[in-house]
$ cat target_3.tsv   # TSV, C-alpha atoms and all ligand atoms
chain	number	residue	atom	x	y	z
A	166	MET	CA	-108.98	138.25	220.87
A	167	ASP	CA	-112.60	137.30	220.18
A	168	THR	CA	-112.14	134.41	217.81
A	169	ASN	CA	-115.85	133.58	217.77
A	170	GLY	CA	-116.67	137.03	216.58
A	171	ASP	CA	-114.03	136.92	213.89
A	172	GLN	CA	-115.17	133.59	212.56
A	173	ALA	CA	-118.77	134.72	212.51
A	174	GLY	CA	-117.59	137.79	210.65
A	175	HIS	CA	-115.87	135.61	208.08
A	176	HIS	CA	-119.13	133.82	207.42
A	177	ALA	CA	-121.21	136.96	207.35
A	178	GLU	CA	-119.05	138.27	204.48
A	179	GLY	CA	-119.68	135.06	202.58
A	180	VAL	CA	-123.44	135.45	202.93
A	181	VAL	CA	-123.34	138.59	200.81
A	182	GLY	CA	-121.79	136.68	197.93
A	183	ALA	CA	-123.83	133.49	198.38
A	184	GLY	CA	-127.12	135.10	197.56
A	185	SER	CA	-129.85	132.49	198.02
A	186	ALA	CA	-132.44	132.69	200.78
A	187	GLU	CA	-131.57	129.14	201.73
A	188	THR	CA	-127.90	130.00	202.16
A	189	ARG	CA	-128.71	133.13	204.12
A	190	SER	CA	-130.91	131.27	206.61
A	191	VAL	CA	-128.31	128.53	206.98
A	192	SER	CA	-125.51	131.00	207.39
A	193	ALA	CA	-127.17	132.61	210.37
A	194	HIS	CA	-126.31	129.41	212.22
A	195	ALA	CA	-123.20	128.34	210.46
A	196	ASN	CA	-120.32	130.10	212.21
A	197	GLY	CA	-119.08	126.76	213.51
A	198	ASN	CA	-118.15	128.08	216.93
A	199	GLY	CA	-121.40	127.73	218.84
A	200	HIS	CA	-121.65	131.52	219.07
A	201	HIS	CA	-125.39	131.51	218.40
A	202	ALA	CA	-127.55	129.60	220.89
A	203	ASN	CA	-130.13	128.40	218.33
A	204	GLY	CA	-127.38	127.70	215.86
A	205	ASN	CA	-125.73	125.58	218.51
A	206	SER	CA	-128.65	123.18	218.94
A	207	HIS	CA	-129.43	123.29	215.22
A	208	HIS	CA	-125.86	122.30	214.45
A	209	ALA	CA	-125.78	119.65	217.15
A	210	LEU	CA	-128.84	117.97	215.62
A	211	LEU	CA	-127.43	118.17	212.11
A	212	LYS	CA	-124.09	116.78	213.24
A	213	GLU	CA	-125.82	113.86	214.97
A	214	LYS	CA	-127.82	113.02	211.85
A	215	ILE	CA	-124.74	113.35	209.66
A	216	ALA	CA	-122.78	110.95	211.91
A	217	ILE	CA	-125.56	108.32	211.72
A	218	LEU	CA	-126.01	108.63	207.96
A	219	LYS	CA	-122.27	108.58	207.38
A	220	ARG	CA	-122.07	105.19	209.10
A	221	GLU	CA	-125.09	103.84	207.20
A	222	ARG	CA	-123.70	104.99	203.87
A	223	GLU	CA	-120.17	103.76	204.73
A	224	ALA	CA	-119.07	107.23	203.71
A	225	VAL	CA	-116.04	109.36	204.47
A	226	ILE	CA	-116.24	113.16	204.58
A	227	LEU	CA	-113.23	115.05	203.23
A	228	ALA	CA	-113.13	118.83	203.80
A	229	HIS	CA	-110.78	121.46	202.46
A	230	ASN	CA	-109.03	123.80	204.90
A	231	TYR	CA	-111.16	126.68	203.52
A	232	GLN	CA	-114.48	125.08	204.45
A	233	ASP	CA	-116.75	126.52	207.11
A	234	GLY	CA	-115.83	125.43	210.65
A	235	ALA	CA	-119.08	123.47	211.08
A	236	ILE	CA	-118.18	121.32	208.07
A	237	GLN	CA	-114.61	120.85	209.28
A	238	ASP	CA	-116.12	119.56	212.54
A	239	VAL	CA	-117.98	116.70	210.82
A	240	ALA	CA	-115.16	115.84	208.42
A	241	ASP	CA	-113.05	112.70	208.82
A	242	PHE	CA	-110.14	114.54	207.30
A	243	THR	CA	-109.46	118.25	206.73
A	244	GLY	CA	-106.54	119.31	204.59
A	245	ASP	CA	-105.18	120.89	201.42
A	246	SER	CA	-105.71	119.65	197.86
A	247	LEU	CA	-102.76	117.26	197.97
A	248	GLY	CA	-103.68	115.85	201.39
A	249	LEU	CA	-107.29	115.35	200.33
A	250	ALA	CA	-106.24	113.60	197.11
A	251	ARG	CA	-104.04	111.26	199.16
A	252	GLN	CA	-106.87	110.57	201.61
A	253	ALA	CA	-109.25	109.82	198.74
A	254	GLN	CA	-106.74	107.32	197.35
A	255	GLN	CA	-106.33	105.59	200.70
A	256	THR	CA	-109.92	105.36	201.91
A	257	ASP	CA	-111.88	102.11	201.69
A	258	ALA	CA	-115.20	103.94	202.23
A	259	LYS	CA	-117.86	103.27	199.59
A	260	VAL	CA	-118.86	106.92	199.34
A	261	ILE	CA	-116.58	109.97	199.38
A	262	LEU	CA	-118.47	113.13	200.29
A	263	PHE	CA	-116.15	115.86	199.13
A	264	CYS	CA	-116.61	119.25	200.80
A	265	GLY	CA	-114.54	121.63	198.76
A	266	VAL	CA	-114.91	122.69	195.14
A	267	HIS	CA	-115.62	120.82	191.93
A	268	PHE	CA	-112.09	120.24	190.59
A	269	MET	CA	-111.13	118.61	193.91
A	270	ALA	CA	-114.03	116.16	193.65
A	271	GLU	CA	-113.06	115.44	190.04
A	272	THR	CA	-109.54	114.57	191.20
A	273	ALA	CA	-110.95	112.20	193.84
A	274	ALA	CA	-113.29	110.64	191.24
A	275	MET	CA	-110.37	110.01	188.88
A	276	LEU	CA	-108.16	108.57	191.61
A	277	CYS	CA	-110.97	106.34	192.96
A	278	PRO	CA	-113.02	105.17	189.96
A	279	ASP	CA	-114.64	102.39	192.01
A	280	ARG	CA	-116.02	104.80	194.68
A	281	LYS	CA	-119.02	107.08	194.54
A	282	VAL	CA	-117.83	110.68	194.87
A	283	ILE	CA	-120.51	113.22	195.78
A	284	VAL	CA	-120.51	116.95	196.56
A	285	PRO	CA	-123.00	119.01	198.61
A	286	ASP	CA	-123.41	121.69	195.91
A	287	LEU	CA	-122.53	121.29	192.24
A	288	ALA	CA	-122.24	125.06	191.82
A	289	ALA	CA	-119.24	125.20	194.17
A	290	GLY	CA	-116.63	125.67	191.45
A	291	CYS	CA	-113.38	127.65	191.35
A	292	SER	CA	-112.96	131.07	189.71
A	293	LEU	CA	-109.25	130.39	189.17
A	294	ALA	CA	-109.88	127.01	187.49
A	295	ASP	CA	-112.43	128.69	185.19
A	296	MET	CA	-109.73	131.01	183.81
A	297	ILE	CA	-108.24	128.35	181.53
A	298	MET	CA	-109.95	126.06	178.99
A	299	PRO	CA	-108.53	122.99	177.20
A	300	GLY	CA	-108.49	124.70	173.79
A	301	GLN	CA	-106.46	127.57	175.24
A	302	VAL	CA	-103.83	125.11	176.53
A	303	ARG	CA	-103.66	123.44	173.14
A	304	ARG	CA	-103.16	126.74	171.36
A	305	TRP	CA	-100.51	127.86	173.87
A	306	LYS	CA	-98.62	124.60	173.30
A	307	GLN	CA	-98.70	125.19	169.54
A	308	GLU	CA	-97.12	128.61	170.12
A	309	HIS	CA	-94.40	127.00	172.29
A	310	PRO	CA	-93.45	123.71	170.60
A	311	GLY	CA	-91.43	121.58	173.02
A	312	GLY	CA	-92.82	123.44	176.05
A	313	VAL	CA	-93.81	121.33	179.05
A	314	VAL	CA	-97.17	122.30	180.52
A	315	VAL	CA	-97.50	122.29	184.30
A	316	CYS	CA	-100.96	122.88	185.70
A	317	TYR	CA	-101.88	123.86	189.21
A	318	ILE	CA	-104.27	121.29	190.68
A	319	ASN	CA	-106.93	124.07	190.56
A	320	THR	CA	-107.93	123.14	187.01
A	321	ALA	CA	-110.78	121.13	185.48
A	322	ALA	CA	-110.03	117.52	184.56
A	323	ALA	CA	-110.39	118.43	180.86
A	324	VAL	CA	-107.58	120.99	181.27
A	325	LYS	CA	-105.39	118.53	183.19
A	326	ALA	CA	-105.86	116.15	180.24
A	327	GLU	CA	-103.91	118.64	178.10
A	328	CYS	CA	-101.05	119.06	180.59
A	329	ASP	CA	-97.84	117.17	181.27
A	330	TYR	CA	-97.50	117.65	185.03
A	331	CYS	CA	-99.84	118.71	187.81
A	332	CYS	CA	-98.74	120.44	191.02
A	333	THR	CA	-100.11	121.90	194.22
A	334	SER	CA	-98.84	124.87	196.20
A	335	ALA	CA	-97.18	122.35	198.55
A	336	ASN	CA	-95.13	120.50	195.92
A	337	GLY	CA	-94.81	123.00	193.03
A	338	GLU	CA	-91.07	123.47	193.51
A	339	ASP	CA	-90.38	119.72	193.51
A	340	ILE	CA	-92.42	119.27	190.35
A	341	ILE	CA	-90.67	122.10	188.47
A	342	ASN	CA	-87.26	120.83	189.58
A	343	ALA	CA	-88.10	117.31	188.33
A	344	ILE	CA	-88.54	118.59	184.76
A	345	PRO	CA	-85.38	118.45	182.59
A	346	ALA	CA	-83.50	121.76	182.92
A	347	ASP	CA	-83.45	122.51	179.18
A	348	LYS	CA	-87.25	122.48	178.87
A	349	GLU	CA	-89.36	125.61	178.60
A	350	ILE	CA	-92.25	125.42	181.08
A	351	LEU	CA	-95.77	126.75	180.49
A	352	PHE	CA	-97.56	127.25	183.81
A	353	VAL	CA	-101.38	127.44	184.12
A	354	PRO	CA	-103.55	128.98	185.43
A	355	ASP	CA	-102.29	130.89	188.52
A	356	TYR	CA	-100.00	133.81	187.69
A	357	TYR	CA	-98.91	134.33	191.29
A	358	LEU	CA	-98.05	130.74	192.15
A	359	GLY	CA	-96.25	130.58	188.79
A	360	SER	CA	-94.33	133.81	189.62
A	361	TYR	CA	-93.32	132.38	192.97
A	362	LEU	CA	-92.10	129.11	191.39
A	363	LYS	CA	-90.23	131.04	188.70
A	364	ALA	CA	-88.43	133.10	191.35
A	365	LYS	CA	-87.67	130.06	193.52
A	366	THR	CA	-86.41	127.76	190.78
A	367	GLY	CA	-84.89	130.28	188.35
A	368	ARG	CA	-86.46	128.28	185.50
A	369	ASN	CA	-87.69	129.48	182.13
A	370	ILE	CA	-91.43	129.63	182.92
A	371	GLU	CA	-94.13	131.29	180.82
A	372	LEU	CA	-97.11	132.33	182.96
A	373	TRP	CA	-100.84	132.24	182.24
A	374	LYS	CA	-102.54	135.29	183.73
A	375	GLY	CA	-105.15	133.63	185.91
A	376	TYR	CA	-105.73	134.46	189.55
A	377	CYS	CA	-107.89	133.62	192.55
A	378	PRO	CA	-110.18	136.54	193.45
A	379	ALA	CA	-110.21	135.55	197.13
A	380	HIS	CA	-106.42	135.85	197.31
A	381	ALA	CA	-106.12	138.82	194.95
A	382	VAL	CA	-108.04	141.12	197.33
A	383	ILE	CA	-105.33	140.86	199.96
A	384	ASP	CA	-103.82	144.33	200.06
A	385	PRO	CA	-100.14	144.94	200.90
A	386	ALA	CA	-100.98	148.29	202.55
A	387	HIS	CA	-103.29	146.59	205.03
A	388	ILE	CA	-100.64	144.01	205.87
A	389	GLU	CA	-98.16	146.81	206.54
A	390	LYS	CA	-100.64	148.38	208.98
A	391	LEU	CA	-101.14	145.04	210.76
A	392	GLN	CA	-97.39	144.63	211.03
A	393	GLU	CA	-97.10	148.07	212.64
A	394	ILE	CA	-99.76	147.17	215.22
A	395	TYR	CA	-98.41	143.63	215.81
A	396	PRO	CA	-94.63	143.94	215.28
A	397	ASP	CA	-93.95	140.47	216.73
A	398	ALA	CA	-96.52	138.70	214.54
A	399	GLU	CA	-95.24	136.18	212.02
A	400	PHE	CA	-96.54	136.88	208.52
A	401	LEU	CA	-97.50	133.72	206.60
A	402	MET	CA	-98.52	133.97	202.97
A	403	HIS	CA	-100.06	131.54	200.46
A	404	PRO	CA	-98.39	131.70	197.02
A	405	GLU	CA	-101.76	132.35	195.31
A	406	CYS	CA	-101.85	135.81	196.89
A	407	GLY	CA	-102.16	138.74	194.51
A	408	CYS	CA	-99.95	140.78	196.83
A	409	LEU	CA	-97.16	138.23	196.39
A	410	THR	CA	-95.17	140.34	193.95
A	411	LYS	CA	-94.78	143.16	196.46
A	412	GLN	CA	-94.72	141.21	199.70
A	413	MET	CA	-92.71	138.10	198.80
A	414	ASP	CA	-89.56	139.47	200.41
A	415	VAL	CA	-91.29	140.57	203.60
A	416	ALA	CA	-93.30	137.38	204.23
A	417	ASP	CA	-91.76	135.28	206.98
A	418	LYS	CA	-92.92	132.14	205.18
A	419	ILE	CA	-94.68	131.38	201.90
A	420	LEU	CA	-96.58	128.15	202.48
A	421	SER	CA	-99.44	125.94	201.29
A	422	THR	CA	-102.40	125.72	203.67
A	423	ASP	CA	-101.17	122.46	205.20
A	424	GLY	CA	-97.69	123.99	205.38
A	425	MET	CA	-99.22	126.87	207.36
A	426	MET	CA	-101.03	124.47	209.70
A	427	LYS	CA	-97.80	122.64	210.46
A	428	HIS	CA	-95.81	125.83	210.88
A	429	VAL	CA	-98.17	127.57	213.33
A	430	LYS	CA	-98.17	124.45	215.51
A	431	GLU	CA	-94.38	124.24	215.64
A	432	SER	CA	-93.52	127.96	215.76
A	433	LYS	CA	-92.66	129.68	219.05
A	434	SER	CA	-94.53	132.80	217.90
A	435	SER	CA	-97.86	133.53	219.53
A	436	THR	CA	-99.37	135.85	216.88
A	437	PHE	CA	-99.69	135.27	213.14
A	438	ILE	CA	-100.93	137.33	210.20
A	439	ILE	CA	-102.45	134.87	207.74
A	440	ALA	CA	-102.65	135.75	204.04
A	441	THR	CA	-104.95	133.17	202.49
A	442	GLU	CA	-108.68	132.33	202.38
A	443	ASN	CA	-110.06	133.01	205.86
A	444	GLY	CA	-111.75	129.61	206.34
A	445	ILE	CA	-108.39	128.27	207.52
A	446	LEU	CA	-108.50	130.52	210.61
A	447	TYR	CA	-111.14	128.24	212.18
A	448	ARG	CA	-108.83	125.22	212.10
A	449	MET	CA	-105.83	127.27	213.24
A	450	ARG	CA	-107.72	128.62	216.25
A	451	LYS	CA	-109.26	125.26	217.09
A	452	GLU	CA	-105.92	123.42	217.04
A	453	ASN	CA	-103.91	126.26	218.64
A	454	PRO	CA	-106.28	127.94	221.11
A	455	GLU	CA	-103.45	129.70	222.95
A	456	LYS	CA	-102.29	131.55	219.81
A	457	THR	CA	-103.73	134.56	217.95
A	458	PHE	CA	-104.47	134.48	214.22
A	459	LEU	CA	-105.21	137.66	212.27
A	460	PRO	CA	-106.62	137.61	208.73
A	461	ALA	CA	-104.49	139.63	206.30
A	462	SER	CA	-107.84	140.74	204.81
A	463	GLU	CA	-111.37	140.36	206.15
A	464	GLN	CA	-112.47	140.15	202.48
A	465	ALA	CA	-110.37	137.08	201.65
A	466	THR	CA	-113.28	134.65	201.40
A	467	CYS	CA	-114.21	132.21	198.65
A	468	HIS	CA	-117.88	132.33	197.74
A	469	HIS	CA	-117.56	128.91	196.09
A	470	MET	CA	-116.34	127.27	199.30
A	471	GLU	CA	-119.12	129.02	201.20
A	472	ARG	CA	-121.83	127.41	199.10
A	473	ASN	CA	-121.35	124.21	201.10
A	474	THR	CA	-123.32	124.08	204.36
A	475	LEU	CA	-124.10	121.47	207.00
A	476	GLU	CA	-127.66	121.20	205.66
A	477	LYS	CA	-126.34	120.40	202.20
A	478	VAL	CA	-123.90	117.86	203.67
A	479	LEU	CA	-126.81	116.09	205.33
A	480	ARG	CA	-128.90	116.22	202.16
A	481	SER	CA	-125.99	114.77	200.18
A	482	LEU	CA	-125.73	111.79	202.49
A	483	LEU	CA	-129.50	111.28	202.39
A	484	THR	CA	-129.90	111.46	198.61
A	485	LEU	CA	-126.34	110.64	197.47
A	486	GLN	CA	-126.46	113.85	195.45
A	487	TYR	CA	-124.54	115.24	193.62
A	488	PRO	CA	-122.29	112.64	191.99
A	489	VAL	CA	-119.12	113.85	190.28
A	490	THR	CA	-117.70	111.76	187.47
A	491	VAL	CA	-115.13	112.34	184.73
A	492	GLU	CA	-115.46	110.89	181.22
A	493	PRO	CA	-113.05	107.94	180.91
A	494	GLN	CA	-111.13	109.31	177.90
A	495	ILE	CA	-110.54	112.59	179.78
A	496	ALA	CA	-109.73	110.86	183.08
A	497	ARG	CA	-107.18	108.59	181.40
A	498	ARG	CA	-105.25	111.57	180.06
A	499	ALA	CA	-105.68	113.76	183.15
A	500	LEU	CA	-104.41	110.99	185.42
A	501	VAL	CA	-101.06	111.00	183.62
A	502	CYS	CA	-100.16	114.44	184.98
A	503	ILE	CA	-101.73	113.74	188.41
A	504	GLU	CA	-99.83	110.46	188.81
A	505	ARG	CA	-96.58	112.13	187.79
A	506	MET	CA	-97.18	114.67	190.55
A	507	MET	CA	-97.98	111.96	193.11
A	508	GLU	CA	-94.84	110.02	192.22
A	509	ILE	CA	-92.56	113.05	192.46
A	510	SER	CA	-94.29	114.28	195.59
A	511	ASN	CA	-94.03	110.85	197.24
A	512	LYS	CA	-90.30	111.00	196.46
A	513	ALA	CA	-90.54	107.96	194.23
A	514	LYS	CA	-88.75	107.86	190.89
A	515	PRO	CA	-90.63	110.11	188.44
A	516	LEU	CA	-92.38	108.43	185.53
A	517	ALA	CA	-90.70	108.52	182.16
A	518	PHE	CA	-91.97	111.24	179.90
A	519	PRO	CA	-94.26	109.40	177.47
A	520	ALA	CA	-96.06	111.23	174.70
A	521	GLN	CA	-99.70	112.00	175.47
A	522	GLU	CA	-102.45	110.28	173.54
A	523	ALA	CA	-104.19	112.18	170.74
A	524	PRO	CA	-106.23	115.15	172.01
A	525	VAL	CA	-109.90	114.65	172.83
A	526	VAL	CA	-112.55	117.04	171.50
A	527	TYR	CA	-114.58	118.39	174.42
A	528	GLY	CA	-117.34	120.32	172.63
A	529	TRP	CA	-118.40	123.33	174.68
A	530	LEU	CA	-115.30	123.15	176.86
A	531	ASP	CA	-113.19	124.16	173.88
A	532	LYS	CA	-114.92	127.50	173.67
A	533	ASP	CA	-112.91	130.29	175.24
A	534	PRO	CA	-114.36	131.94	178.34
A	535	GLN	CA	-114.99	135.67	178.44
A	536	PRO	CA	-111.70	137.56	178.81
A	537	VAL	CA	-110.74	137.90	182.46
A	538	GLN	CA	-111.33	141.38	183.86
A	539	TRP	CA	-108.35	142.21	186.03
A	540	GLY	CA	-108.93	144.68	188.87
A	541	ASP	CA	-106.58	147.68	189.25
A	542	HIS	CA	-104.93	146.18	192.31
A	543	VAL	CA	-104.18	142.91	190.48
A	544	LEU	CA	-102.96	144.70	187.36
A	545	ALA	CA	-100.62	146.87	189.41
A	546	ALA	CA	-99.14	143.78	191.07
A	547	ALA	CA	-98.81	142.01	187.70
A	548	ASN	CA	-97.08	145.02	186.17
A	549	ASP	CA	-94.47	144.87	188.89
A	550	LEU	CA	-93.21	141.65	187.37
A	551	SER	CA	-93.36	142.55	183.71
B	1	LIG	FE1	-110.66	128.67	193.68
B	1	LIG	FE2	-109.73	130.78	195.00
B	1	LIG	FE3	-111.91	129.57	195.89
B	1	LIG	FE4	-109.52	128.35	196.09
B	1	LIG	S1	-110.15	130.21	197.15
B	1	LIG	S2	-111.44	127.42	195.37
B	1	LIG	S3	-108.49	129.09	194.21
B	1	LIG	S4	-111.69	130.63	193.90
$ encode --input "target_3.tsv" --output "structure tokens" --more "lines below"
Ligand code: SF4
Amino acid sequence: MDTNGDQAGHHAEGVVGAGSAETRSVSAHANGNGHHANGNSHHALLKEKIAILKREREAVILAHNYQDGAIQDVADFTGDSLGLARQAQQTDAKVILFCGVHFMAETAAMLCPDRKVIVPDLAAGCSLADMIMPGQVRRWKQEHPGGVVVCYINTAAAVKAECDYCCTSANGEDIINAIPADKEILFVPDYYLGSYLKAKTGRNIELWKGYCPAHAVIDPAHIEKLQEIYPDAEFLMHPECGCLTKQMDVADKILSTDGMMKHVKESKSSTFIIATENGILYRMRKENPEKTFLPASEQATCHHMERNTLEKVLRSLLTLQYPVTVEPQIARRALVCIERMMEISNKAKPLAFPAQEAPVVYGWLDKDPQPVQWGDHVLAAANDLS
């Protein structure tokens, strides 16, 4: 299979969503596989400059598994949200250049208050995280007195400050199981991850109806066609997928991105259908060149992740832009649910369950966002569960 072509295709799709002339010109070179001769030398020069500046700045580059291959190549560590949070905690670098999206950098900033955390593009946010606001969590809690709020790590710090526990797709089950069995659980914001955890744990979980657009476009019918063409392929699915409700029983494994990376390395299978954001295919192909990886959907790309480019990484190191910080009174409250997650996830004894401090007023953040417009495909999948 022509992996270079596929990866370039992944990027080309992102260009449509990215929009700016700057991004378009960068993207022509940014397939990360050396497919384009000019792009090759352009990237080589950028990578050289980034390596020099990184040393001068005493910086570490952390990249999410969904980042463009060229950025993964210059990163000191590539991983999922939990792995990146752990790396941020452990690094002694003065500067953390976080290549991912805003909530991830916020988490690093809260875990490492004495480090400078910067991002290549402040506009790289998360559509899923934007589907819940702090005021909405507060109101939901009032409607469910005694409910324990668990938030996916894909939430703003101000939302985490309203929650009792945080979780990732890698440790969600452990976190839910650590909560006393008699407690009602309110899960925000991802409906599909919440549905998966509800099915796995059998717990009383109320679900917020948020979703990730990049995962929601994955279409069960297309996966069925791929399975007909590649009957021996293993089908790996991320629990954020909108097709989860229909495909959960037919997926060979439902895994976090790092869980997928580990599995494809250890599995005896040679072909895999991958249902998550397509940036991960670069790392899979790079680390397992003898195996074949097929995207469950060519459209499963995150336009937020694609805002980050090598040029912006270099500019960040040069100018130390853009810093990400979290207001101390928000960070103090948000860290409670993050630290509970870390403790449970690290298999240490969970923290006691202290009452949260009094709520903070966040101003504009308390305003509700526009109602989420659910596409037909997503609504159909949601209706399957209701
Ligand atoms: Fe958010 Fe989805 Fe992009 Fe992940 S892939 S950062 S959940 S919008």
$ residues_around --input "target_3.tsv" --residues "Thr333 in chain A" --least-positions-apart "3" --cutoff "12 Å" --atoms "all atoms listed in the file" --output "number ranges by chain"
A: 245-250, 269, 315-320, 330, 336-341, 352-355, 358-359, 362, 403-405, 420-424, 502-503, 506-507, 509-510
$ closest_atom_pairs --input "target_3.tsv" --of "chain A" --to "ligand LIG 1 (chain B)" --cutoff "10 Å" --atoms "all atoms listed in the file" --output "Markdown table"
| residue | atom | partner | partner_atom | distance |
| --- | --- | --- | --- | --- |
| A:His229 | CA | B:LIG1 | S2 | 9.3 |
| A:Asn230 | CA | B:LIG1 | FE4 | 9.9 |
| A:Tyr231 | CA | B:LIG1 | S1 | 7.4 |
| A:Gln232 | CA | B:LIG1 | S2 | 9.9 |
| A:Ser246 | CA | B:LIG1 | FE4 | 9.7 |
| A:Gly265 | CA | B:LIG1 | S2 | 7.4 |
| A:Val266 | CA | B:LIG1 | S2 | 5.9 |
| A:His267 | CA | B:LIG1 | S2 | 8.5 |
| A:Phe268 | CA | B:LIG1 | S2 | 8.7 |
| A:Met269 | CA | B:LIG1 | S2 | 8.9 |
| A:Ala289 | CA | B:LIG1 | S2 | 8.2 |
| A:Gly290 | CA | B:LIG1 | S2 | 6.7 |
| A:Cys291 | CA | B:LIG1 | FE1 | 3.7 |
| A:Ser292 | CA | B:LIG1 | S4 | 4.4 |
| A:Leu293 | CA | B:LIG1 | FE1 | 5.0 |
| A:Ala294 | CA | B:LIG1 | FE1 | 6.5 |
| A:Asp295 | CA | B:LIG1 | FE1 | 8.7 |
| A:Tyr317 | CA | B:LIG1 | S3 | 9.8 |
| A:Ile318 | CA | B:LIG1 | S3 | 9.5 |
| A:Asn319 | CA | B:LIG1 | S3 | 6.4 |
| A:Thr320 | CA | B:LIG1 | FE1 | 9.1 |
| A:Asp355 | CA | B:LIG1 | S3 | 8.6 |
| A:Tyr376 | CA | B:LIG1 | S3 | 7.6 |
| A:Cys377 | CA | B:LIG1 | FE2 | 4.2 |
| A:Pro378 | CA | B:LIG1 | FE2 | 6.0 |
| A:Ala379 | CA | B:LIG1 | FE2 | 5.2 |
| A:His380 | CA | B:LIG1 | FE2 | 6.5 |
| A:Ala381 | CA | B:LIG1 | FE2 | 8.8 |
| A:Glu405 | CA | B:LIG1 | S3 | 7.6 |
| A:Cys406 | CA | B:LIG1 | FE2 | 9.5 |
| A:Thr441 | CA | B:LIG1 | S1 | 8.0 |
| A:Glu442 | CA | B:LIG1 | S1 | 5.8 |
| A:Asn443 | CA | B:LIG1 | S1 | 9.1 |
| A:Gly444 | CA | B:LIG1 | S1 | 9.3 |
| A:Ala465 | CA | B:LIG1 | S1 | 8.2 |
| A:Thr466 | CA | B:LIG1 | S1 | 6.9 |
| A:Cys467 | CA | B:LIG1 | FE3 | 4.5 |
| A:His468 | CA | B:LIG1 | FE3 | 6.8 |
| A:His469 | CA | B:LIG1 | FE3 | 5.7 |
| A:Met470 | CA | B:LIG1 | FE3 | 6.0 |
| A:Glu471 | CA | B:LIG1 | FE3 | 9.0 |
$ write_last_selection --input "target_3.tsv" --atoms "C-alpha atoms" --output "mmCIF file, in the frame of the given file"
data_model
loop_
_atom_site.group_PDB
_atom_site.id
_atom_site.type_symbol
_atom_site.label_atom_id
_atom_site.label_comp_id
_atom_site.auth_asym_id
_atom_site.auth_seq_id
_atom_site.Cartn_x
_atom_site.Cartn_y
_atom_site.Cartn_z
ATOM 1 C CA HIS A 229 -110.780 121.460 202.460
ATOM 2 C CA ASN A 230 -109.030 123.800 204.900
ATOM 3 C CA TYR A 231 -111.160 126.680 203.520
ATOM 4 C CA GLN A 232 -114.480 125.080 204.450
ATOM 5 C CA SER A 246 -105.710 119.650 197.860
ATOM 6 C CA GLY A 265 -114.540 121.630 198.760
ATOM 7 C CA VAL A 266 -114.910 122.690 195.140
ATOM 8 C CA HIS A 267 -115.620 120.820 191.930
ATOM 9 C CA PHE A 268 -112.090 120.240 190.590
ATOM 10 C CA MET A 269 -111.130 118.610 193.910
ATOM 11 C CA ALA A 289 -119.240 125.200 194.170
ATOM 12 C CA GLY A 290 -116.630 125.670 191.450
ATOM 13 C CA CYS A 291 -113.380 127.650 191.350
ATOM 14 C CA SER A 292 -112.960 131.070 189.710
ATOM 15 C CA LEU A 293 -109.250 130.390 189.170
ATOM 16 C CA ALA A 294 -109.880 127.010 187.490
ATOM 17 C CA ASP A 295 -112.430 128.690 185.190
ATOM 18 C CA TYR A 317 -101.880 123.860 189.210
ATOM 19 C CA ILE A 318 -104.270 121.290 190.680
ATOM 20 C CA ASN A 319 -106.930 124.070 190.560
ATOM 21 C CA THR A 320 -107.930 123.140 187.010
ATOM 22 C CA ASP A 355 -102.290 130.890 188.520
ATOM 23 C CA TYR A 376 -105.730 134.460 189.550
ATOM 24 C CA CYS A 377 -107.890 133.620 192.550
ATOM 25 C CA PRO A 378 -110.180 136.540 193.450
ATOM 26 C CA ALA A 379 -110.210 135.550 197.130
ATOM 27 C CA HIS A 380 -106.420 135.850 197.310
ATOM 28 C CA ALA A 381 -106.120 138.820 194.950
ATOM 29 C CA GLU A 405 -101.760 132.350 195.310
ATOM 30 C CA CYS A 406 -101.850 135.810 196.890
ATOM 31 C CA THR A 441 -104.950 133.170 202.490
ATOM 32 C CA GLU A 442 -108.680 132.330 202.380
ATOM 33 C CA ASN A 443 -110.060 133.010 205.860
ATOM 34 C CA GLY A 444 -111.750 129.610 206.340
ATOM 35 C CA ALA A 465 -110.370 137.080 201.650
ATOM 36 C CA THR A 466 -113.280 134.650 201.400
ATOM 37 C CA CYS A 467 -114.210 132.210 198.650
ATOM 38 C CA HIS A 468 -117.880 132.330 197.740
ATOM 39 C CA HIS A 469 -117.560 128.910 196.090
ATOM 40 C CA MET A 470 -116.340 127.270 199.300
ATOM 41 C CA GLU A 471 -119.120 129.020 201.200
#
$ residues_around --input "target_3.tsv" --residues "Ile350 in chain A" --least-positions-apart "3" --cutoff "9 Å" --atoms "all atoms listed in the file" --output "ChimeraX atom specification"
/A:311-315,341,344,368-372
$ atom_distance --input "target_3.tsv" --atom1 "CA of His387 in chain A" --atom2 "CA of Pro460 in chain A"
10.3 Å
$ atom_distance --input "target_3.tsv" --atom1 "CA of Leu211 in chain A" --atom2 "CA of Val284 in chain A"
17.1 Å
$ atom_distance --input "target_3.tsv" --atom1 "CA of Val491 in chain A" --atom2 "CA of Glu308 in chain A"
28.3 Å
$ residues_around --input "target_3.tsv" --residues "Leu446 in chain A" --least-positions-apart "5" --cutoff "9 Å" --atoms "only C-alpha atoms" --output "JSON, numbers by chain"
{"A": [168, 172, 230, 231, 234, 439, 451, 458, 459, 460]}
$ residues_around --input "target_3.tsv" --residues "Thr484 in chain A" --least-positions-apart "5" --cutoff "12 Å" --atoms "all atoms listed in the file" --output "ChimeraX atom specification"
/A:218-219,222,260,262,283-285,477-479
$ write_last_selection --input "target_3.tsv" --atoms "C-alpha atoms" --output "short mmCIF file (atom, residue, chain, number, x, y, z; two decimals), in the coordinates of the input"
data_model
loop_
_atom_site.label_atom_id
_atom_site.label_comp_id
_atom_site.auth_asym_id
_atom_site.auth_seq_id
_atom_site.Cartn_x
_atom_site.Cartn_y
_atom_site.Cartn_z
CA LEU A 218 -126.01 108.63 207.96
CA LYS A 219 -122.27 108.58 207.38
CA ARG A 222 -123.70 104.99 203.87
CA VAL A 260 -118.86 106.92 199.34
CA LEU A 262 -118.47 113.13 200.29
CA ILE A 283 -120.51 113.22 195.78
CA VAL A 284 -120.51 116.95 196.56
CA PRO A 285 -123.00 119.01 198.61
CA LYS A 477 -126.34 120.40 202.20
CA VAL A 478 -123.90 117.86 203.67
CA LEU A 479 -126.81 116.09 205.33
#
